[in-house]
$ cat target25.cif   # mmCIF, C-alpha atoms
data_structure
#
loop_
_atom_site.group_PDB
_atom_site.id
_atom_site.type_symbol
_atom_site.label_atom_id
_atom_site.label_comp_id
_atom_site.auth_asym_id
_atom_site.auth_seq_id
_atom_site.Cartn_x
_atom_site.Cartn_y
_atom_site.Cartn_z
ATOM 1 C CA MET C 1 -0.513 18.596 -20.981
ATOM 2 C CA GLN C 2 -0.345 15.001 -19.674
ATOM 3 C CA THR C 3 2.021 16.062 -16.888
ATOM 4 C CA MET C 4 -0.395 18.809 -15.838
ATOM 5 C CA PHE C 5 -3.253 16.304 -15.742
ATOM 6 C CA GLY C 6 -1.067 14.055 -13.604
ATOM 7 C CA PHE C 7 -0.842 16.768 -10.963
ATOM 8 C CA VAL C 8 -4.582 17.444 -11.310
ATOM 9 C CA LEU C 9 -5.071 13.721 -10.557
ATOM 10 C CA VAL C 10 -3.263 14.107 -7.234
ATOM 11 C CA LEU C 11 -4.681 17.477 -6.160
ATOM 12 C CA PRO C 12 -8.229 16.301 -5.241
ATOM 13 C CA LEU C 13 -6.718 13.458 -3.229
ATOM 14 C CA THR C 14 -4.325 15.867 -1.513
ATOM 15 C CA LEU C 15 -7.168 18.253 -0.635
ATOM 16 C CA ILE C 16 -9.140 15.468 1.060
ATOM 17 C CA ILE C 17 -6.023 14.319 2.968
ATOM 18 C CA ILE C 18 -5.440 17.904 4.141
ATOM 19 C CA THR C 19 -9.134 18.168 5.112
ATOM 20 C CA GLY C 20 -8.799 15.056 7.277
ATOM 21 C CA ASN C 21 -5.683 16.494 8.899
ATOM 22 C CA ILE C 22 -7.336 19.888 9.567
ATOM 23 C CA LEU C 23 -10.361 18.159 11.112
ATOM 24 C CA ARG C 24 -7.993 16.232 13.379
ATOM 25 C CA SER C 25 -5.896 19.278 14.313
ATOM 26 C CA ARG C 26 -9.021 21.380 15.073
ATOM 27 C CA GLY C 27 -10.460 18.722 17.345
ATOM 28 C CA PHE C 28 -13.317 17.611 15.077
ATOM 29 C CA PHE C 29 -11.645 14.185 14.988
ATOM 30 C CA ASN C 30 -9.820 12.871 18.033
ATOM 31 C CA GLU C 31 -7.495 9.864 18.125
ATOM 32 C CA ASN C 32 -10.349 7.470 18.895
ATOM 33 C CA ASP C 33 -12.395 8.878 16.000
ATOM 34 C CA ILE C 34 -9.518 8.207 13.592
ATOM 35 C CA LYS C 35 -9.166 4.674 14.930
ATOM 36 C CA THR C 36 -12.911 4.148 14.416
ATOM 37 C CA LEU C 37 -12.687 5.582 10.898
ATOM 38 C CA THR C 38 -9.786 3.333 9.884
ATOM 39 C CA LYS C 39 -11.410 0.333 11.569
ATOM 40 C CA THR C 40 -14.659 0.966 9.682
ATOM 41 C CA LEU C 41 -12.760 1.291 6.418
ATOM 42 C CA TYR C 42 -10.752 -1.875 7.009
ATOM 43 C CA TRP C 43 -13.512 -4.130 8.329
ATOM 44 C CA VAL C 44 -16.720 -2.712 6.827
ATOM 45 C CA ILE C 45 -16.179 -0.616 3.675
ATOM 46 C CA LEU C 46 -13.282 -2.288 1.851
ATOM 47 C CA PRO C 47 -14.413 -5.941 2.174
ATOM 48 C CA PRO C 48 -17.581 -5.454 0.048
ATOM 49 C CA LEU C 49 -15.554 -3.502 -2.521
ATOM 50 C CA LEU C 50 -12.963 -6.271 -2.793
ATOM 51 C CA THR C 51 -15.577 -9.039 -2.803
ATOM 52 C CA ARG C 52 -17.480 -7.377 -5.628
ATOM 53 C CA THR C 53 -14.468 -6.542 -7.792
ATOM 54 C CA THR C 54 -12.780 -9.904 -7.163
ATOM 55 C CA PHE C 55 -16.019 -11.660 -8.162
ATOM 56 C CA ALA C 56 -16.070 -9.598 -11.370
ATOM 57 C CA SER C 57 -12.498 -10.731 -12.096
ATOM 58 C CA GLY C 58 -13.689 -14.310 -11.717
ATOM 59 C CA ARG C 59 -11.378 -17.160 -12.532
ATOM 60 C CA GLU C 60 -8.887 -14.868 -14.198
ATOM 61 C CA ILE C 61 -7.048 -14.666 -10.864
ATOM 62 C CA PHE C 62 -5.985 -18.304 -11.181
ATOM 63 C CA SER C 63 -4.408 -17.610 -14.562
ATOM 64 C CA GLN C 64 -2.081 -14.930 -13.193
ATOM 65 C CA MET C 65 0.934 -17.099 -12.300
ATOM 66 C CA ASP C 66 3.201 -14.715 -14.219
ATOM 67 C CA LEU C 67 1.989 -11.882 -12.004
ATOM 68 C CA LEU C 68 2.659 -13.920 -8.846
ATOM 69 C CA ILE C 69 6.159 -14.850 -10.046
ATOM 70 C CA GLY C 70 6.947 -11.261 -11.034
ATOM 71 C CA LEU C 71 5.700 -9.833 -7.750
ATOM 72 C CA THR C 72 7.572 -12.376 -5.629
ATOM 73 C CA LEU C 73 10.845 -11.832 -7.508
ATOM 74 C CA ALA C 74 10.426 -8.052 -7.291
ATOM 75 C CA TYR C 75 9.816 -8.271 -3.537
ATOM 76 C CA ILE C 76 12.930 -10.413 -3.010
ATOM 77 C CA ILE C 77 15.174 -8.207 -5.189
ATOM 78 C CA THR C 78 13.901 -4.997 -3.566
ATOM 79 C CA ILE C 79 14.354 -6.369 -0.051
ATOM 80 C CA ALA C 80 17.896 -7.489 -0.962
ATOM 81 C CA ALA C 81 18.695 -4.017 -2.360
ATOM 82 C CA ALA C 82 17.309 -2.312 0.758
ATOM 83 C CA ALA C 83 19.271 -4.688 3.005
ATOM 84 C CA ALA C 84 22.537 -4.155 1.114
ATOM 85 C CA GLY C 85 22.175 -0.382 1.081
ATOM 86 C CA SER C 86 21.162 -0.053 4.721
ATOM 87 C CA VAL C 87 23.736 -2.528 6.073
ATOM 88 C CA PHE C 88 26.751 -1.288 4.107
ATOM 89 C CA LEU C 89 25.964 2.375 3.404
ATOM 90 C CA TYR C 90 23.408 4.463 5.230
ATOM 91 C CA HIS C 91 22.222 2.614 8.404
ATOM 92 C CA ARG C 92 25.386 0.742 9.351
ATOM 93 C CA ASN C 93 25.299 -0.894 12.820
ATOM 94 C CA ASN C 94 21.770 0.397 13.491
ATOM 95 C CA ARG C 95 19.767 -2.827 13.491
ATOM 96 C CA LYS C 96 16.431 -1.207 14.347
ATOM 97 C CA ARG C 97 16.716 1.245 11.468
ATOM 98 C CA ILE C 98 18.001 -1.432 9.068
ATOM 99 C CA ALA C 99 14.914 -3.492 9.963
ATOM 100 C CA VAL C 100 12.621 -0.549 9.074
ATOM 101 C CA SER C 101 14.455 -0.051 5.771
ATOM 102 C CA VAL C 102 14.073 -3.707 4.786
ATOM 103 C CA PHE C 103 10.560 -4.197 6.155
ATOM 104 C CA SER C 104 9.092 -1.051 4.570
ATOM 105 C CA SER C 105 10.790 -1.307 1.158
ATOM 106 C CA ILE C 106 7.808 -3.116 -0.396
ATOM 107 C CA ARG C 107 4.947 -1.978 1.858
ATOM 108 C CA ALA C 108 2.961 0.545 -0.192
ATOM 109 C CA ASN C 109 -0.104 2.539 0.848
ATOM 110 C CA ASN C 110 -2.401 0.608 -1.489
ATOM 111 C CA ILE C 111 -5.577 0.931 0.569
ATOM 112 C CA TYR C 112 -5.697 4.547 1.736
ATOM 113 C CA LEU C 113 -4.024 6.084 -1.319
ATOM 114 C CA GLY C 114 -3.524 3.480 -4.074
ATOM 115 C CA PHE C 115 -7.177 2.534 -4.509
ATOM 116 C CA PRO C 116 -8.337 6.186 -4.679
ATOM 117 C CA VAL C 117 -5.643 6.944 -7.295
ATOM 118 C CA ILE C 118 -6.653 3.935 -9.420
ATOM 119 C CA MET C 119 -10.366 4.714 -9.062
ATOM 120 C CA LEU C 120 -9.869 8.325 -10.112
ATOM 121 C CA ALA C 121 -7.548 7.505 -13.025
ATOM 122 C CA MET C 122 -9.004 4.227 -14.354
ATOM 123 C CA GLY C 123 -12.478 3.730 -12.886
ATOM 124 C CA ASP C 124 -14.092 0.342 -12.230
ATOM 125 C CA ALA C 125 -11.864 -1.479 -14.737
ATOM 126 C CA GLY C 126 -8.819 -0.326 -12.804
ATOM 127 C CA LEU C 127 -10.360 -1.446 -9.521
ATOM 128 C CA ARG C 128 -10.939 -4.933 -10.935
ATOM 129 C CA ASP C 129 -7.256 -5.198 -11.823
ATOM 130 C CA ALA C 130 -6.346 -3.753 -8.416
ATOM 131 C CA SER C 131 -8.396 -6.528 -6.802
ATOM 132 C CA ILE C 132 -6.512 -9.148 -8.821
ATOM 133 C CA TYR C 133 -3.268 -7.601 -7.609
ATOM 134 C CA ILE C 134 -4.420 -7.688 -3.968
ATOM 135 C CA ALA C 135 -5.646 -11.288 -4.249
ATOM 136 C CA VAL C 136 -2.435 -12.519 -5.899
ATOM 137 C CA SER C 137 0.104 -10.544 -3.878
ATOM 138 C CA THR C 138 -1.088 -10.289 -0.279
ATOM 139 C CA VAL C 139 0.230 -13.522 1.224
ATOM 140 C CA ALA C 140 3.729 -13.311 -0.328
ATOM 141 C CA PHE C 141 3.888 -9.588 0.405
ATOM 142 C CA GLN C 142 3.049 -9.976 4.091
ATOM 143 C CA ILE C 143 5.285 -12.982 4.689
ATOM 144 C CA LEU C 144 8.355 -11.601 2.910
ATOM 145 C CA SER C 145 8.185 -8.099 4.413
ATOM 146 C CA ILE C 146 7.659 -9.241 8.000
ATOM 147 C CA MET C 147 10.154 -12.121 7.872
ATOM 148 C CA SER C 148 12.844 -9.936 6.292
ATOM 149 C CA GLY C 149 12.287 -7.230 8.913
ATOM 150 C CA GLU C 150 12.604 -9.726 11.743
ATOM 151 C CA MET C 151 15.723 -11.274 10.207
ATOM 152 C CA ALA C 152 17.306 -7.812 9.972
ATOM 153 C CA LEU C 153 16.382 -7.112 13.595
ATOM 154 C CA TYR C 154 17.164 -10.451 15.244
ATOM 155 C CA GLY C 155 19.412 -12.181 12.698
ATOM 156 C CA ARG C 156 16.773 -14.872 12.192
ATOM 157 C CA PRO C 157 12.980 -15.102 11.880
ATOM 158 C CA ASN C 158 11.229 -14.829 15.226
ATOM 159 C CA LEU C 159 8.910 -17.863 15.696
ATOM 160 C CA ALA C 160 6.402 -15.960 17.804
ATOM 161 C CA GLY C 161 6.356 -13.180 15.200
ATOM 162 C CA ILE C 162 5.752 -15.655 12.362
ATOM 163 C CA CYS C 163 2.886 -17.319 14.256
ATOM 164 C CA GLU C 164 1.294 -13.940 14.933
ATOM 165 C CA MET C 165 1.699 -12.992 11.272
ATOM 166 C CA LEU C 166 -0.004 -16.212 10.105
ATOM 167 C CA LYS C 167 -2.846 -15.598 12.561
ATOM 168 C CA ARG C 168 -3.315 -12.083 11.179
ATOM 169 C CA LEU C 169 -3.365 -13.413 7.617
ATOM 170 C CA VAL C 170 -6.123 -15.905 8.429
ATOM 171 C CA ILE C 171 -8.387 -13.228 9.944
ATOM 172 C CA ASN C 172 -7.408 -10.446 7.515
ATOM 173 C CA PRO C 173 -10.738 -9.105 6.127
ATOM 174 C CA LEU C 174 -9.108 -8.196 2.805
ATOM 175 C CA ILE C 175 -7.899 -11.756 2.280
ATOM 176 C CA ILE C 176 -11.270 -13.162 3.393
ATOM 177 C CA SER C 177 -13.037 -10.824 0.930
ATOM 178 C CA CYS C 178 -10.815 -11.897 -1.957
ATOM 179 C CA VAL C 179 -11.344 -15.581 -1.140
ATOM 180 C CA LEU C 180 -15.119 -15.007 -0.930
ATOM 181 C CA GLY C 181 -15.196 -13.197 -4.271
ATOM 182 C CA ILE C 182 -13.154 -15.935 -5.964
ATOM 183 C CA GLY C 183 -15.344 -18.627 -4.360
ATOM 184 C CA LEU C 184 -18.525 -16.985 -5.628
ATOM 185 C CA ALA C 185 -17.054 -16.700 -9.120
ATOM 186 C CA MET C 186 -16.118 -20.384 -9.065
ATOM 187 C CA THR C 187 -19.743 -21.366 -8.416
ATOM 188 C CA GLY C 188 -20.566 -20.283 -11.960
ATOM 189 C CA LEU C 189 -22.747 -17.322 -10.995
ATOM 190 C CA GLU C 190 -23.046 -14.846 -13.858
ATOM 191 C CA SER C 191 -23.841 -11.961 -11.526
ATOM 192 C CA LEU C 192 -24.509 -11.284 -7.884
ATOM 193 C CA PRO C 193 -28.112 -10.810 -6.692
ATOM 194 C CA LEU C 194 -29.065 -7.206 -7.498
ATOM 195 C CA VAL C 195 -29.834 -6.168 -3.901
ATOM 196 C CA PHE C 196 -26.481 -7.420 -2.585
ATOM 197 C CA ASP C 197 -24.582 -6.098 -5.589
ATOM 198 C CA GLU C 198 -26.026 -2.594 -5.212
ATOM 199 C CA ALA C 199 -25.436 -2.617 -1.454
ATOM 200 C CA MET C 200 -21.785 -3.602 -1.958
ATOM 201 C CA LYS C 201 -21.416 -1.021 -4.722
ATOM 202 C CA LEU C 202 -22.740 1.754 -2.470
ATOM 203 C CA MET C 203 -20.456 0.618 0.339
ATOM 204 C CA GLY C 204 -17.472 0.541 -1.999
ATOM 205 C CA ASN C 205 -18.248 4.054 -3.276
ATOM 206 C CA ALA C 206 -17.534 5.375 0.203
ATOM 207 C CA ALA C 207 -14.030 3.879 0.228
ATOM 208 C CA THR C 208 -12.165 6.681 -1.541
ATOM 209 C CA ALA C 209 -13.254 9.612 0.643
ATOM 210 C CA VAL C 210 -13.123 7.666 3.917
ATOM 211 C CA ALA C 211 -9.661 6.289 3.115
ATOM 212 C CA LEU C 212 -8.239 9.731 2.332
ATOM 213 C CA LEU C 213 -9.832 11.381 5.382
ATOM 214 C CA ALA C 214 -8.422 8.600 7.560
ATOM 215 C CA LEU C 215 -4.990 9.020 6.008
ATOM 216 C CA GLY C 216 -5.073 12.765 6.659
ATOM 217 C CA GLY C 217 -6.108 12.198 10.251
ATOM 218 C CA THR C 218 -3.372 9.643 10.774
ATOM 219 C CA LEU C 219 -0.467 11.686 9.379
ATOM 220 C CA ASP C 220 1.162 14.322 11.563
ATOM 221 C CA LEU C 221 1.334 17.160 9.050
ATOM 222 C CA SER C 222 2.029 19.626 11.861
ATOM 223 C CA ARG C 223 5.668 18.620 11.363
ATOM 224 C CA ILE C 224 5.597 19.794 7.755
ATOM 225 C CA ASN C 225 8.044 22.570 8.640
ATOM 226 C CA SER C 226 10.641 19.885 9.315
ATOM 227 C CA ILE C 227 9.814 17.781 6.247
ATOM 228 C CA PHE C 228 13.078 18.693 4.529
ATOM 229 C CA ILE C 229 14.984 17.371 7.538
ATOM 230 C CA MET C 230 12.917 14.171 7.374
ATOM 231 C CA ILE C 231 13.556 13.750 3.653
ATOM 232 C CA ARG C 232 17.279 14.316 4.148
ATOM 233 C CA ARG C 233 17.292 11.567 6.808
ATOM 234 C CA THR C 234 15.211 9.110 4.795
ATOM 235 C CA TRP C 235 15.950 9.880 1.127
ATOM 236 C CA GLN C 236 17.720 6.583 0.432
ATOM 237 C CA ASP C 237 14.721 4.563 1.614
ATOM 238 C CA CYS C 238 12.361 6.964 -0.179
ATOM 239 C CA LEU C 239 14.285 6.289 -3.406
ATOM 240 C CA ILE C 240 13.953 2.527 -2.989
ATOM 241 C CA LYS C 241 10.228 2.714 -2.166
ATOM 242 C CA LEU C 242 9.114 5.298 -4.726
ATOM 243 C CA VAL C 243 11.461 4.593 -7.650
ATOM 244 C CA ILE C 244 13.591 1.445 -7.474
ATOM 245 C CA HIS C 245 10.913 -1.045 -6.375
ATOM 246 C CA PRO C 246 8.344 -0.058 -9.047
ATOM 247 C CA LEU C 247 11.105 0.008 -11.699
ATOM 248 C CA ILE C 248 12.199 -3.526 -10.775
ATOM 249 C CA LEU C 249 8.591 -4.727 -10.846
ATOM 250 C CA TRP C 250 7.889 -3.013 -14.179
ATOM 251 C CA GLY C 251 10.883 -4.684 -15.815
ATOM 252 C CA LEU C 252 9.967 -8.128 -14.502
ATOM 253 C CA LEU C 253 6.295 -7.891 -15.495
ATOM 254 C CA LEU C 254 7.275 -6.753 -18.992
ATOM 255 C CA ALA C 255 9.620 -9.719 -19.304
ATOM 256 C CA LEU C 256 6.861 -12.079 -18.113
ATOM 257 C CA SER C 257 4.305 -10.622 -20.564
ATOM 258 C CA VAL C 258 1.709 -9.724 -17.908
ATOM 259 C CA PRO C 259 -1.358 -8.132 -19.612
ATOM 260 C CA ASP C 260 -0.864 -4.404 -20.047
ATOM 261 C CA PRO C 261 -3.809 -3.063 -17.946
ATOM 262 C CA LEU C 262 -2.917 -5.353 -15.051
ATOM 263 C CA LEU C 263 0.766 -4.439 -15.379
ATOM 264 C CA LYS C 264 -0.021 -0.723 -15.208
ATOM 265 C CA VAL C 265 -2.238 -1.068 -12.130
ATOM 266 C CA THR C 266 0.295 -3.298 -10.351
ATOM 267 C CA VAL C 267 3.239 -0.983 -10.962
ATOM 268 C CA MET C 268 1.157 2.080 -10.093
ATOM 269 C CA LEU C 269 0.114 0.560 -6.767
ATOM 270 C CA SER C 270 3.694 -0.505 -6.014
ATOM 271 C CA SER C 271 4.837 3.109 -6.501
ATOM 272 C CA MET C 272 2.601 4.427 -3.714
ATOM 273 C CA PRO C 273 4.190 5.985 -0.592
ATOM 274 C CA SER C 274 4.999 3.821 2.423
ATOM 275 C CA ALA C 275 1.953 2.371 4.160
ATOM 276 C CA VAL C 276 0.835 4.135 7.327
ATOM 277 C CA ASN C 277 0.912 0.796 9.148
ATOM 278 C CA CYS C 278 4.709 0.716 8.709
ATOM 279 C CA PHE C 279 4.882 3.008 11.746
ATOM 280 C CA ILE C 280 2.361 0.970 13.750
ATOM 281 C CA MET C 281 3.996 -2.371 12.963
ATOM 282 C CA ALA C 282 7.518 -1.017 13.484
ATOM 283 C CA LYS C 283 6.460 0.005 16.993
ATOM 284 C CA GLU C 284 4.915 -3.404 17.677
ATOM 285 C CA MET C 285 7.993 -5.227 16.341
ATOM 286 C CA ASN C 286 10.528 -3.153 18.344
ATOM 287 C CA MET C 287 12.025 -1.420 15.298
ATOM 288 C CA ASP C 288 12.894 2.285 15.019
ATOM 289 C CA SER C 289 9.301 3.548 14.973
ATOM 290 C CA ASP C 290 10.305 7.236 14.919
ATOM 291 C CA TYR C 291 12.293 6.657 11.743
ATOM 292 C CA ALA C 292 9.358 4.683 10.297
ATOM 293 C CA ALA C 293 7.042 7.640 10.999
ATOM 294 C CA ASP C 294 9.474 10.000 9.239
ATOM 295 C CA LEU C 295 9.650 7.612 6.277
ATOM 296 C CA VAL C 296 5.852 7.478 5.952
ATOM 297 C CA ALA C 297 5.638 11.297 6.086
ATOM 298 C CA SER C 298 8.522 11.801 3.629
ATOM 299 C CA THR C 299 7.252 9.342 1.020
ATOM 300 C CA THR C 300 3.716 10.752 1.307
ATOM 301 C CA VAL C 301 4.923 14.306 0.636
ATOM 302 C CA LEU C 302 7.226 13.160 -2.182
ATOM 303 C CA GLY C 303 4.306 11.165 -3.590
ATOM 304 C CA ILE C 304 2.707 14.457 -4.659
ATOM 305 C CA VAL C 305 5.449 14.511 -7.326
ATOM 306 C CA THR C 306 6.117 10.806 -7.939
ATOM 307 C CA ILE C 307 2.487 9.685 -8.358
ATOM 308 C CA PRO C 308 1.855 11.982 -11.368
ATOM 309 C CA VAL C 309 5.247 10.997 -12.836
ATOM 310 C CA TRP C 310 4.420 7.290 -12.623
ATOM 311 C CA ALA C 311 0.901 7.882 -13.951
ATOM 312 C CA ASN C 312 2.442 9.568 -17.004
ATOM 313 C CA LEU C 313 5.174 6.964 -17.499
ATOM 314 C CA LEU C 314 2.592 4.165 -17.368
ATOM 315 C CA ARG C 315 0.153 6.134 -19.553
ATOM 316 C CA ILE C 316 -2.798 5.561 -17.259
ATOM 317 C CA ILE C 317 -3.955 9.175 -17.726
#
$ encode --input "target25.cif" --output "structure tokens"
Amino acid sequence: MQTMFGFVLVLPLTLIIITGNILRSRGFFNENDIKTLTKTLYWVILPPLLTRTTFASGREIFSQMDLLIGLTLAYIITIAAAAAGSVFLYHRNNRKRIAVSVFSSIRANNIYLGFPVIMLAMGDAGLRDASIYIAVSTVAFQILSIMSGEMALYGRPNLAGICEMLKRLVINPLIISCVLGIGLAMTGLESLPLVFDEAMKLMGNAATAVALLALGGTLDLSRINSIFIMIRRTWQDCLIKLVIHPLILWGLLLALSVPDPLLKVTVMLSSMPSAVNCFIMAKEMNMDSDYAADLVASTTVLGIVTIPVWANLLRII
């Protein structure tokens, strides 16, 4: 019965993703519309949601050193596993593909897919823990994934790439929102002014549908007939992203005694398919962007099975 509910959890999300893709394929959305939709989500809708939920988490974020340690160790171990596998086994002598394997091994689709899954399965309490995860993990996650990708590609970190990455971190609206929420909590406010709180709540309520429509419009599901070929090409990296990384993180967080609700949300978010921006960033960083696109598509399709499995294993449904 739990397994069936796990698939029911994914089906509404899948239907909205397919709707976004149909709207794109029928010309209702064009490429510029999708860019506007994702831009609106990233800069307008998600920041109020993160500010509000991070404020609700308050000072608890500063007490989550075990979570930070666990996440950082899991990122390093996963990246090392992806590097070893791709260098010695399945991407030998293909630096651009090795870079994608390493870079994407920890980059999960937390925003477009993870937040909707958590909201549907766990409600506002889950979103508060998801905000703690975002606030604690983002800097280490961005630095380690990008630096490891550049080291795989060039043999050493690229200084210009690191500078660009730091610039992006400073102006990242998700980071700014988390910092704002934490800052407001540190002032001692018991609650946000009602007008602002309700406005941010209404804005945040739009996040789930907009994120899934944007994801559907971004993915090229017209290639679904070749998905088995894609999965056969990418299955090793799919295994690392969808199974090995969340397993490593789960074991570490258990050992570090991270609170159970926060542990479940963190592992669940880490088990999401590869982030859509893996393709965009791979193209910008001169990696194998075609392979990155196949990896995003493959993990997203496989996520229809793995998301319910992880939801059941973690007992969040």
$ residues_around --input "target25.cif" --residues "Met186 in chain C" --least-positions-apart "6" --cutoff "12 Å" --atoms "all atoms listed in the file" --output "PyMOL selection string"
chain C and resi 54-62+179-180
$ write_last_selection --input "target25.cif" --atoms "C-alpha atoms" --output "PDB file, in the frame of the given file"
ATOM      1  CA  THR C  54     -12.780  -9.904  -7.163  1.00  0.00           C
ATOM      2  CA  PHE C  55     -16.019 -11.660  -8.162  1.00  0.00           C
ATOM      3  CA  ALA C  56     -16.070  -9.598 -11.370  1.00  0.00           C
ATOM      4  CA  SER C  57     -12.498 -10.731 -12.096  1.00  0.00           C
ATOM      5  CA  GLY C  58     -13.689 -14.310 -11.717  1.00  0.00           C
ATOM      6  CA  ARG C  59     -11.378 -17.160 -12.532  1.00  0.00           C
ATOM      7  CA  GLU C  60      -8.887 -14.868 -14.198  1.00  0.00           C
ATOM      8  CA  ILE C  61      -7.048 -14.666 -10.864  1.00  0.00           C
ATOM      9  CA  PHE C  62      -5.985 -18.304 -11.181  1.00  0.00           C
ATOM     10  CA  VAL C 179     -11.344 -15.581  -1.140  1.00  0.00           C
ATOM     11  CA  LEU C 180     -15.119 -15.007  -0.930  1.00  0.00           C
TER      12      LEU C 180
END
$ atom_distance --input "target25.cif" --atom1 "CA of Leu252 in chain C" --atom2 "CA of Ile134 in chain C"
17.8 Å
$ residues_around --input "target25.cif" --residues "Ala84 in chain C" --least-positions-apart "4" --cutoff "12 Å" --atoms "all atoms listed in the file" --output "ChimeraX atom specification"
/C:77-80,88-92,98-99,101-102,152,236-237,240
$ closest_residue --input "target25.cif" --among "C:Pro261, C:Pro273, C:Gly155, C:Gly123" --to "Val296 in chain C" --atoms "all atoms listed in the file"
C:Pro273
$ resolve_selection --input "target25.cif" --expression "the PyMOL selection byres ((chain C and resi 168-172) around 12)" --output "number ranges by chain"
C: 42-43, 46-47, 135, 138-143, 146, 161-167, 173-179
